[in-house]
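Before any comments, here is the structure.
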Amino acid sequence: MSTVAAKAMPVRAAAAAASSSSPAAPAAVDRVDALIKSIRIPPRPSLLADLQAELASSDPSPETIGRIVARDVGMAGALLKLANSSLFGGRRAKSIEQAIFFLGINQVASLMTGLLARQAIPANSDALASFWDVSTKRSHAMMFLSRRLRIGAPDIAHTFGLFCDTGVPLLMERFPGYEATLLEAAAEPARAFTAVEEERHSTSHAAIGSLLARNWGLSSDVAWAILHHHDYPVLEDEHTADAIRSLVALSLLAERAIRRYQGHAGSVEWDKGGERACAYLSLDEDETAELLDELEEALHDEH
């Protein structure tokens, strides 16, 4: 593992790694374990487990996937609505089978995973009122960028975009003062967002989101990219997989476009990592501006 990656390991792994060099480390590991156990990580939904089992078979069956989706009437309806949206070409799928045919089984799996996440992680408080709206926009922006730049698989980009901040509602539920931490971290101009969280709560939304992704059986690239999505030096670390660095770089472009869509002139995260992201993606200033304009327009069209 690279030096950069080691610095950003999930909290339990980081504490365990320290145990060989510090006599007090076992106590630290125990504290971290206790902390993680006190945070409610939703279990993987059985519907998702069945879907992933079929996808992992040697010859995934669209018919079997259709039957799995149809077991939840609300899920089937939401999937049809998404399949018929302009984001996916606006074709009129009249059945789950048609939606699977139009979208492909991997994209259907990505959309289903997102819908199940909404059920498992409700964001009902005023502080989280816009959480899923922003997460959905990010997932769509990530998919747009993956297709537009021909980087990675669009369904993987979509899943990462939706899940990268799922640790936020879980930490808000666990820590009464986390909302204040969130505001301070979002405004921090120099330190990493996660450094502010770790200082106050001994963990971060990136670590908890990565743990959730692993527990839910999402791809290891998604889990590691969630862990690193505020760790911008990773973009310059050649020992970190390109799939992970690509997701981190695309997430910065998505974040900048969403901030512009929301009417904000600047972006603290873009100021911290935008230059590195553009260098990694080999985008010059004009190409970046054009891409952000296209993405912002796509977000408006979606709305």
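Residues are named by chain letter and number: chains run A, B, ... in the order of the structure tokens, numbers start at 1 in each chain, and ligands are numbered from 1 in the order shown.
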
Write out as a ChimeraX atom specification each polymer residue whose atoms come within 8 Å of stretch 48-59 of chain A, counting only C-alpha atoms; drop sequence neighbours fewer than 3 positions from it.
/A:44-45,64-65,68,109,112-113,116,216-217

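Residues lying within 12 Å of A:Arg118, counting only C-alpha atoms and ignoring same-chain neighbours fewer than 3 positions away, are Pro42, Pro45, Met75, Ala78, Leu111, Met112, Thr113, Gly114, Leu115, Ile121, Pro122, Ala123, Asn124, Phe131, Trp132, Asp133, Ser135, Thr136, Leu162, Phe163, Thr166 and Pro169 of chain A.
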
Which one is closest to A:Leu170: A:Gly209, A:Pro60, A:Gly74, A:Gly104? Count only C-alpha atoms.
A:Gly209

Got a sec to tell me which of stretch 224-288 of chain A DSSP assigns to helix (DSSP H, G or I), as a ChimeraX atom specification?
/A:224-228,232-236,242-261,268-281,285-288

Skipping near chain neighbours, those fewer than 2 positions away, what residues fall within 9 Å of A:Arg174 using only C-alpha atoms, listed as a VMD selection string?
chain A and resid 38 to 40 169 to 172 176 178

Residues from the last selection, N, CA and C atoms, saved as a short mmCIF file (atom, residue, chain, number, x, y, z; two decimals), in the first residue's frame:
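Output file result12.cif is given in full below:
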```
data_model
loop_
_atom_site.label_atom_id
_atom_site.label_comp_id
_atom_site.auth_asym_id
_atom_site.auth_seq_id
_atom_site.Cartn_x
_atom_site.Cartn_y
_atom_site.Cartn_z
N SER A 38 -20.67 1.77 17.92
CA SER A 38 -21.71 2.70 18.39
C SER A 38 -22.36 3.47 17.25
N ILE A 39 -21.81 3.34 16.04
CA ILE A 39 -22.37 4.03 14.88
C ILE A 39 -23.25 3.04 14.12
N ARG A 40 -24.47 3.43 13.85
CA ARG A 40 -25.42 2.51 13.22
C ARG A 40 -25.10 2.38 11.73
N PRO A 169 -24.98 11.32 7.21
CA PRO A 169 -26.16 11.11 8.06
C PRO A 169 -25.92 10.12 9.20
N LEU A 170 -25.02 9.15 8.99
CA LEU A 170 -24.74 8.19 10.05
C LEU A 170 -24.01 8.85 11.22
N LEU A 171 -23.07 9.75 10.91
CA LEU A 171 -22.35 10.47 11.98
C LEU A 171 -23.24 11.52 12.63
N MET A 172 -24.14 12.11 11.85
CA MET A 172 -25.05 13.10 12.44
C MET A 172 -25.99 12.43 13.43
N PRO A 176 -24.28 14.37 18.53
CA PRO A 176 -25.15 15.56 18.57
C PRO A 176 -24.48 16.81 18.01
N TYR A 178 -22.27 16.96 15.55
CA TYR A 178 -21.64 16.74 14.24
C TYR A 178 -22.04 17.80 13.22
#
```

Show which residues sit within 8 Å of stretch 240-256 of chain A, as an mmCIF file with all heavy atoms, in the first residue's frame. Count only C-alpha atoms, and ignore same-chain residues fewer than 6 positions away.
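Dumped to result.cif:
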```cif
data_model
loop_
_atom_site.group_PDB
_atom_site.id
_atom_site.type_symbol
_atom_site.label_atom_id
_atom_site.label_comp_id
_atom_site.auth_asym_id
_atom_site.auth_seq_id
_atom_site.Cartn_x
_atom_site.Cartn_y
_atom_site.Cartn_z
ATOM 1 N N MET A 1 0.845 -1.197 0.000
ATOM 2 C CA MET A 1 0.000 0.000 0.000
ATOM 3 C C MET A 1 0.879 1.246 0.000
ATOM 4 O O MET A 1 1.921 1.285 0.629
ATOM 5 C CB MET A 1 -0.916 -0.003 1.233
ATOM 6 C CG MET A 1 -1.857 1.183 1.307
ATOM 7 S SD MET A 1 -2.861 1.153 2.803
ATOM 8 C CE MET A 1 -3.823 -0.317 2.515
ATOM 9 N N SER A 2 0.436 2.282 -0.684
ATOM 10 C CA SER A 2 1.216 3.513 -0.758
ATOM 11 C C SER A 2 1.201 4.259 0.561
ATOM 12 O O SER A 2 0.366 4.028 1.423
ATOM 13 C CB SER A 2 0.628 4.421 -1.841
ATOM 14 O OG SER A 2 -0.632 4.887 -1.422
ATOM 15 N N ALA A 5 -2.057 6.148 0.816
ATOM 16 C CA ALA A 5 -3.173 5.262 1.132
ATOM 17 C C ALA A 5 -3.146 4.857 2.596
ATOM 18 O O ALA A 5 -4.180 4.791 3.248
ATOM 19 C CB ALA A 5 -3.125 4.021 0.242
ATOM 20 N N ARG A 138 -24.855 14.470 -7.587
ATOM 21 C CA ARG A 138 -23.459 14.061 -7.718
ATOM 22 C C ARG A 138 -23.343 12.745 -8.497
ATOM 23 O O ARG A 138 -22.478 12.594 -9.355
ATOM 24 C CB ARG A 138 -22.820 13.901 -6.343
ATOM 25 C CG ARG A 138 -21.308 13.608 -6.430
ATOM 26 C CD ARG A 138 -20.699 13.230 -5.097
ATOM 27 N NE ARG A 138 -20.901 14.258 -4.099
ATOM 28 C CZ ARG A 138 -21.761 14.164 -3.090
ATOM 29 N NH1 ARG A 138 -22.508 13.084 -2.950
ATOM 30 N NH2 ARG A 138 -21.885 15.128 -2.222
ATOM 31 N N ALA A 141 -23.885 13.526 -12.072
ATOM 32 C CA ALA A 141 -22.730 14.257 -12.606
ATOM 33 C C ALA A 141 -21.546 13.323 -12.830
ATOM 34 O O ALA A 141 -20.844 13.423 -13.847
ATOM 35 C CB ALA A 141 -22.334 15.380 -11.643
ATOM 36 N N MET A 142 -21.325 12.404 -11.903
ATOM 37 C CA MET A 142 -20.232 11.445 -12.049
ATOM 38 C C MET A 142 -20.442 10.563 -13.273
ATOM 39 O O MET A 142 -19.504 10.283 -14.030
ATOM 40 C CB MET A 142 -20.135 10.576 -10.792
ATOM 41 C CG MET A 142 -19.641 11.291 -9.545
ATOM 42 S SD MET A 142 -17.888 11.757 -9.629
ATOM 43 C CE MET A 142 -17.117 10.141 -9.697
ATOM 44 N N LEU A 145 -19.716 12.613 -16.414
ATOM 45 C CA LEU A 145 -18.281 12.823 -16.625
ATOM 46 C C LEU A 145 -17.586 11.537 -17.079
ATOM 47 O O LEU A 145 -16.704 11.576 -17.945
ATOM 48 C CB LEU A 145 -17.641 13.326 -15.330
ATOM 49 C CG LEU A 145 -18.012 14.749 -14.915
ATOM 50 C CD1 LEU A 145 -17.587 15.019 -13.479
ATOM 51 C CD2 LEU A 145 -17.383 15.768 -15.852
ATOM 52 N N SER A 146 -17.984 10.414 -16.505
ATOM 53 C CA SER A 146 -17.395 9.140 -16.912
ATOM 54 C C SER A 146 -17.654 8.881 -18.396
ATOM 55 O O SER A 146 -16.759 8.455 -19.131
ATOM 56 C CB SER A 146 -17.981 8.006 -16.063
ATOM 57 O OG SER A 146 -17.523 6.753 -16.499
ATOM 58 N N ILE A 151 -13.858 7.632 -19.073
ATOM 59 C CA ILE A 151 -13.011 7.174 -17.966
ATOM 60 C C ILE A 151 -13.827 6.246 -17.087
ATOM 61 O O ILE A 151 -14.850 6.644 -16.524
ATOM 62 C CB ILE A 151 -12.494 8.363 -17.132
ATOM 63 C CG1 ILE A 151 -11.549 9.225 -17.957
ATOM 64 C CG2 ILE A 151 -11.798 7.872 -15.874
ATOM 65 C CD1 ILE A 151 -11.062 10.451 -17.231
ATOM 66 N N GLY A 152 -13.395 5.003 -16.984
ATOM 67 C CA GLY A 152 -14.047 4.053 -16.098
ATOM 68 C C GLY A 152 -15.431 3.648 -16.573
ATOM 69 O O GLY A 152 -15.866 3.966 -17.682
ATOM 70 N N ALA A 157 -19.092 4.904 -11.470
ATOM 71 C CA ALA A 157 -19.043 6.336 -11.148
ATOM 72 C C ALA A 157 -20.344 6.772 -10.485
ATOM 73 O O ALA A 157 -20.338 7.544 -9.514
ATOM 74 C CB ALA A 157 -18.786 7.147 -12.408
ATOM 75 N N PHE A 160 -20.434 5.402 -6.854
ATOM 76 C CA PHE A 160 -19.530 6.177 -6.001
ATOM 77 C C PHE A 160 -20.144 7.531 -5.661
ATOM 78 O O PHE A 160 -20.126 7.966 -4.501
ATOM 79 C CB PHE A 160 -18.187 6.392 -6.688
ATOM 80 C CG PHE A 160 -17.359 7.464 -6.048
ATOM 81 C CD1 PHE A 160 -16.629 7.209 -4.904
ATOM 82 C CD2 PHE A 160 -17.349 8.755 -6.562
ATOM 83 C CE1 PHE A 160 -15.893 8.210 -4.281
ATOM 84 C CE2 PHE A 160 -16.618 9.762 -5.955
ATOM 85 C CZ PHE A 160 -15.884 9.489 -4.813
ATOM 86 N N GLY A 161 -20.672 8.227 -6.674
ATOM 87 C CA GLY A 161 -21.235 9.560 -6.439
ATOM 88 C C GLY A 161 -22.356 9.544 -5.431
ATOM 89 O O GLY A 161 -22.506 10.472 -4.628
ATOM 90 N N ASP A 221 -13.015 -0.701 -5.520
ATOM 91 C CA ASP A 221 -12.635 0.621 -6.042
ATOM 92 C C ASP A 221 -13.541 1.707 -5.471
ATOM 93 O O ASP A 221 -13.076 2.793 -5.106
ATOM 94 C CB ASP A 221 -12.713 0.635 -7.572
ATOM 95 C CG ASP A 221 -11.596 -0.155 -8.225
ATOM 96 O OD1 ASP A 221 -10.578 -0.410 -7.561
ATOM 97 O OD2 ASP A 221 -11.747 -0.516 -9.408
ATOM 98 N N VAL A 222 -14.831 1.435 -5.404
ATOM 99 C CA VAL A 222 -15.771 2.402 -4.837
ATOM 100 C C VAL A 222 -15.462 2.628 -3.360
ATOM 101 O O VAL A 222 -15.402 3.776 -2.890
ATOM 102 C CB VAL A 222 -17.221 1.922 -5.027
ATOM 103 C CG1 VAL A 222 -18.189 2.747 -4.165
ATOM 104 C CG2 VAL A 222 -17.631 2.028 -6.501
ATOM 105 N N TRP A 224 -12.623 2.203 -1.667
ATOM 106 C CA TRP A 224 -11.373 2.946 -1.464
ATOM 107 C C TRP A 224 -11.491 4.390 -1.940
ATOM 108 O O TRP A 224 -10.944 5.311 -1.321
ATOM 109 C CB TRP A 224 -10.212 2.247 -2.173
ATOM 110 C CG TRP A 224 -9.653 1.109 -1.383
ATOM 111 C CD1 TRP A 224 -9.801 -0.214 -1.636
ATOM 112 C CD2 TRP A 224 -8.869 1.203 -0.195
ATOM 113 N NE1 TRP A 224 -9.168 -0.959 -0.677
ATOM 114 C CE2 TRP A 224 -8.577 -0.116 0.228
ATOM 115 C CE3 TRP A 224 -8.389 2.265 0.566
ATOM 116 C CZ2 TRP A 224 -7.836 -0.401 1.363
ATOM 117 C CZ3 TRP A 224 -7.633 1.991 1.710
ATOM 118 C CH2 TRP A 224 -7.363 0.673 2.083
ATOM 119 N N ALA A 225 -12.212 4.615 -3.029
ATOM 120 C CA ALA A 225 -12.382 5.989 -3.517
ATOM 121 C C ALA A 225 -13.205 6.817 -2.531
ATOM 122 O O ALA A 225 -12.933 8.004 -2.329
ATOM 123 C CB ALA A 225 -13.044 5.986 -4.893
ATOM 124 N N HIS A 228 -10.917 7.975 0.115
ATOM 125 C CA HIS A 228 -9.932 8.969 -0.311
ATOM 126 C C HIS A 228 -10.523 10.242 -0.923
ATOM 127 O O HIS A 228 -9.766 11.074 -1.401
ATOM 128 C CB HIS A 228 -9.012 8.343 -1.365
ATOM 129 C CG HIS A 228 -8.029 7.354 -0.818
ATOM 130 N ND1 HIS A 228 -7.031 7.694 0.069
ATOM 131 C CD2 HIS A 228 -7.892 6.017 -1.036
ATOM 132 C CE1 HIS A 228 -6.329 6.623 0.366
ATOM 133 N NE2 HIS A 228 -6.831 5.587 -0.289
ATOM 134 N N HIS A 229 -11.843 10.401 -0.917
ATOM 135 C CA HIS A 229 -12.393 11.476 -1.755
ATOM 136 C C HIS A 229 -12.134 12.886 -1.229
ATOM 137 O O HIS A 229 -12.438 13.855 -1.924
ATOM 138 C CB HIS A 229 -13.878 11.243 -2.063
ATOM 139 C CG HIS A 229 -14.838 11.513 -0.932
ATOM 140 N ND1 HIS A 229 -15.108 10.604 0.069
ATOM 141 C CD2 HIS A 229 -15.620 12.582 -0.672
ATOM 142 C CE1 HIS A 229 -16.007 11.110 0.887
ATOM 143 N NE2 HIS A 229 -16.331 12.314 0.475
ATOM 144 N N HIS A 230 -11.559 13.016 -0.047
ATOM 145 C CA HIS A 230 -11.058 14.327 0.412
ATOM 146 C C HIS A 230 -9.539 14.308 0.576
ATOM 147 O O HIS A 230 -8.958 15.237 1.131
ATOM 148 C CB HIS A 230 -11.706 14.718 1.738
ATOM 149 C CG HIS A 230 -13.132 15.140 1.613
ATOM 150 N ND1 HIS A 230 -13.519 16.340 1.032
ATOM 151 C CD2 HIS A 230 -14.279 14.512 1.971
ATOM 152 C CE1 HIS A 230 -14.833 16.438 1.054
ATOM 153 N NE2 HIS A 230 -15.319 15.350 1.611
ATOM 154 N N TYR A 232 -6.636 14.608 -1.413
ATOM 155 C CA TYR A 232 -6.239 14.981 -2.772
ATOM 156 C C TYR A 232 -4.787 14.652 -3.144
ATOM 157 O O TYR A 232 -4.509 14.458 -4.334
ATOM 158 C CB TYR A 232 -6.556 16.456 -3.018
ATOM 159 C CG TYR A 232 -8.012 16.758 -2.741
ATOM 160 C CD1 TYR A 232 -8.396 17.855 -1.964
ATOM 161 C CD2 TYR A 232 -9.014 15.919 -3.225
ATOM 162 C CE1 TYR A 232 -9.732 18.108 -1.691
ATOM 163 C CE2 TYR A 232 -10.352 16.165 -2.951
ATOM 164 C CZ TYR A 232 -10.706 17.258 -2.183
ATOM 165 O OH TYR A 232 -12.021 17.487 -1.913
ATOM 166 N N VAL A 234 -3.590 11.925 -3.035
ATOM 167 C CA VAL A 234 -3.669 10.604 -3.654
ATOM 168 C C VAL A 234 -3.661 10.707 -5.180
ATOM 169 O O VAL A 234 -3.249 9.775 -5.875
ATOM 170 C CB VAL A 234 -4.936 9.851 -3.159
ATOM 171 C CG1 VAL A 234 -6.182 10.319 -3.889
ATOM 172 C CG2 VAL A 234 -4.773 8.352 -3.316
ATOM 173 N N GLY A 266 -17.644 30.165 -5.636
ATOM 174 C CA GLY A 266 -16.414 29.412 -5.389
ATOM 175 C C GLY A 266 -16.678 28.063 -4.761
ATOM 176 O O GLY A 266 -17.817 27.701 -4.459
ATOM 177 N N SER A 267 -15.602 27.312 -4.576
ATOM 178 C CA SER A 267 -15.691 25.993 -3.964
ATOM 179 C C SER A 267 -14.406 25.737 -3.183
ATOM 180 O O SER A 267 -13.316 25.719 -3.762
ATOM 181 C CB SER A 267 -15.868 24.912 -5.033
ATOM 182 O OG SER A 267 -15.557 23.636 -4.520
ATOM 183 N N GLU A 269 -13.429 22.988 -1.729
ATOM 184 C CA GLU A 269 -12.815 21.713 -2.108
ATOM 185 C C GLU A 269 -12.110 21.813 -3.453
ATOM 186 O O GLU A 269 -11.035 21.239 -3.650
ATOM 187 C CB GLU A 269 -13.868 20.598 -2.129
ATOM 188 C CG GLU A 269 -14.469 20.278 -0.769
ATOM 189 C CD GLU A 269 -13.415 19.912 0.272
ATOM 190 O OE1 GLU A 269 -12.577 19.037 -0.021
ATOM 191 O OE2 GLU A 269 -13.431 20.506 1.370
ATOM 192 N N TRP A 270 -12.701 22.546 -4.386
ATOM 193 C CA TRP A 270 -12.052 22.744 -5.689
ATOM 194 C C TRP A 270 -10.749 23.511 -5.514
ATOM 195 O O TRP A 270 -9.743 23.196 -6.156
ATOM 196 C CB TRP A 270 -12.984 23.481 -6.628
ATOM 197 C CG TRP A 270 -12.412 23.724 -7.991
ATOM 198 C CD1 TRP A 270 -11.895 24.895 -8.482
ATOM 199 C CD2 TRP A 270 -12.274 22.765 -9.047
ATOM 200 N NE1 TRP A 270 -11.452 24.726 -9.772
ATOM 201 C CE2 TRP A 270 -11.673 23.422 -10.140
ATOM 202 C CE3 TRP A 270 -12.600 21.417 -9.163
ATOM 203 C CZ2 TRP A 270 -11.386 22.776 -11.335
ATOM 204 C CZ3 TRP A 270 -12.327 20.769 -10.353
ATOM 205 C CH2 TRP A 270 -11.721 21.451 -11.422
ATOM 206 N N GLY A 273 -8.208 20.904 -4.291
ATOM 207 C CA GLY A 273 -7.810 19.773 -5.127
ATOM 208 C C GLY A 273 -8.037 19.904 -6.618
ATOM 209 O O GLY A 273 -7.633 19.021 -7.386
ATOM 210 N N GLY A 274 -8.658 20.998 -7.059
ATOM 211 C CA GLY A 274 -9.013 21.125 -8.467
ATOM 212 C C GLY A 274 -7.828 21.070 -9.411
ATOM 213 O O GLY A 274 -7.878 20.411 -10.459
ATOM 214 N N ARG A 276 -4.946 19.612 -8.989
ATOM 215 C CA ARG A 276 -4.445 18.238 -9.053
ATOM 216 C C ARG A 276 -5.365 17.358 -9.900
ATOM 217 O O ARG A 276 -4.907 16.498 -10.656
ATOM 218 C CB ARG A 276 -4.351 17.659 -7.640
ATOM 219 C CG ARG A 276 -3.153 18.171 -6.838
ATOM 220 C CD ARG A 276 -3.259 17.689 -5.414
ATOM 221 N NE ARG A 276 -2.009 17.843 -4.693
ATOM 222 C CZ ARG A 276 -1.932 18.072 -3.389
ATOM 223 N NH1 ARG A 276 -3.040 18.163 -2.669
ATOM 224 N NH2 ARG A 276 -0.763 18.200 -2.790
ATOM 225 N N ALA A 277 -6.681 17.574 -9.761
ATOM 226 C CA ALA A 277 -7.628 16.768 -10.525
ATOM 227 C C ALA A 277 -7.462 17.009 -12.018
ATOM 228 O O ALA A 277 -7.441 16.066 -12.815
ATOM 229 C CB ALA A 277 -9.054 17.085 -10.089
ATOM 230 N N CYS A 278 -7.338 18.270 -12.409
ATOM 231 C CA CYS A 278 -7.177 18.605 -13.826
ATOM 232 C C CYS A 278 -5.861 18.051 -14.379
ATOM 233 O O CYS A 278 -5.810 17.562 -15.515
ATOM 234 C CB CYS A 278 -7.243 20.110 -14.025
ATOM 235 S SG CYS A 278 -8.883 20.801 -13.710
ATOM 236 N N TYR A 280 -4.300 15.394 -13.277
ATOM 237 C CA TYR A 280 -4.447 13.944 -13.400
ATOM 238 C C TYR A 280 -5.266 13.576 -14.639
ATOM 239 O O TYR A 280 -4.955 12.608 -15.346
ATOM 240 C CB TYR A 280 -5.122 13.359 -12.157
ATOM 241 C CG TYR A 280 -5.372 11.884 -12.295
ATOM 242 C CD1 TYR A 280 -4.330 10.962 -12.176
ATOM 243 C CD2 TYR A 280 -6.640 11.410 -12.613
ATOM 244 C CE1 TYR A 280 -4.546 9.608 -12.355
ATOM 245 C CE2 TYR A 280 -6.864 10.057 -12.794
ATOM 246 C CZ TYR A 280 -5.820 9.162 -12.666
ATOM 247 O OH TYR A 280 -6.037 7.821 -12.862
ATOM 248 N N LEU A 281 -6.315 14.351 -14.922
ATOM 249 C CA LEU A 281 -7.189 14.072 -16.056
ATOM 250 C C LEU A 281 -6.668 14.671 -17.366
ATOM 251 O O LEU A 281 -7.304 14.524 -18.412
ATOM 252 C CB LEU A 281 -8.597 14.623 -15.774
ATOM 253 C CG LEU A 281 -9.337 13.980 -14.596
ATOM 254 C CD1 LEU A 281 -10.585 14.771 -14.255
ATOM 255 C CD2 LEU A 281 -9.684 12.523 -14.900
ATOM 256 N N LEU A 292 -17.147 21.954 -17.412
ATOM 257 C CA LEU A 292 -17.989 22.403 -16.307
ATOM 258 C C LEU A 292 -19.262 23.075 -16.824
ATOM 259 O O LEU A 292 -20.338 22.904 -16.245
ATOM 260 C CB LEU A 292 -17.208 23.353 -15.393
ATOM 261 C CG LEU A 292 -16.125 22.703 -14.527
ATOM 262 C CD1 LEU A 292 -15.288 23.762 -13.823
ATOM 263 C CD2 LEU A 292 -16.745 21.763 -13.496
ATOM 264 N N LEU A 295 -21.577 20.305 -17.939
ATOM 265 C CA LEU A 295 -22.113 19.571 -16.804
ATOM 266 C C LEU A 295 -23.157 20.402 -16.071
ATOM 267 O O LEU A 295 -24.227 19.885 -15.700
ATOM 268 C CB LEU A 295 -20.983 19.179 -15.849
ATOM 269 C CG LEU A 295 -21.349 18.381 -14.598
ATOM 270 C CD1 LEU A 295 -22.260 17.202 -14.934
ATOM 271 C CD2 LEU A 295 -20.095 17.902 -13.895
#
```

With only C-alpha atoms as the atoms that count, which of A:Leu87, A:Leu47, A:Val134, A:Ala192 lies nearest to A:Gln119?
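Once distances to A:Gln119 are computed over only C-alpha atoms, the minimum belongs to A:Leu47.
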